[in-house]
Amino acid sequence: MKTSLKCHCGQRILRRDVMQQGYYVKQLGPSYVYIKYRCSRCKKLGEHFVKQEEWQDGLLQESGTDISDQERNRFTQLGNITLDEMREFHNALDGLEGIPNLLEKESE
């Protein structure tokens with residue numbers, strides 16, 4: 001089942017991009033929801049046909065955050081990321097010999 005519609009350039013299609021929406025009803029076989037859009041990134045026209053049984057209005061809505069109030073408060077208390085923290089992180093990345101395989105460490 002689809003969770004979003006995307007343009008050929010990879011940009012997610014939202015309700016504000018939709019120029020035309022309709023139903024394509026067939027007597028034999030599945031019916032479709034027709035979406036014609038103009039991509040907000042590449043500005044090209046495109047269209048999608050989605051099976052009617054797979055269609056959800058949420059396909060064209062912006063995804064909200066899945067953050068709880070407790071997590072939001074915790075992040076607020078942490079404050080903004082400072083330049084020193086960015087430098088420390090950058091230096092830590094430079095010091096890595098390679099990307100550690102965390103799955104191997106868990107199985108040991």
# chains A, B, ... in the order shown; residues from 1 in each chain; ligands from 1
>>> select_by_dssp(residues="chain A", states="strand (DSSP E)", output="count of residues only")
21
>>> atom_distance(atom1="CA of Val50 in chain A", atom2="CA of Leu14 in chain A")
14.7 Å
>>> atom_distance(atom1="CA of Glu53 in chain A", atom2="CA of Val25 in chain A")
12.2 Å
>>> select_by_dssp(residues="chain A", states="helix (DSSP H, G or I)", output="count of residues only")
38
>>> closest_residue(among="A:Asp94, A:Asp69, A:Asp17, A:Glu54", to="Tyr37 in chain A", atoms="only C-alpha atoms")
A:Asp17
>>> residues_around(residues="Gln52 in chain A", least_positions_apart="5", cutoff="10 Å", atoms="only C-alpha atoms", output="list in words")
Tyr23, Tyr24, Val25, Pro30, Ser31, Tyr32, Val33 and Tyr34 of chain A
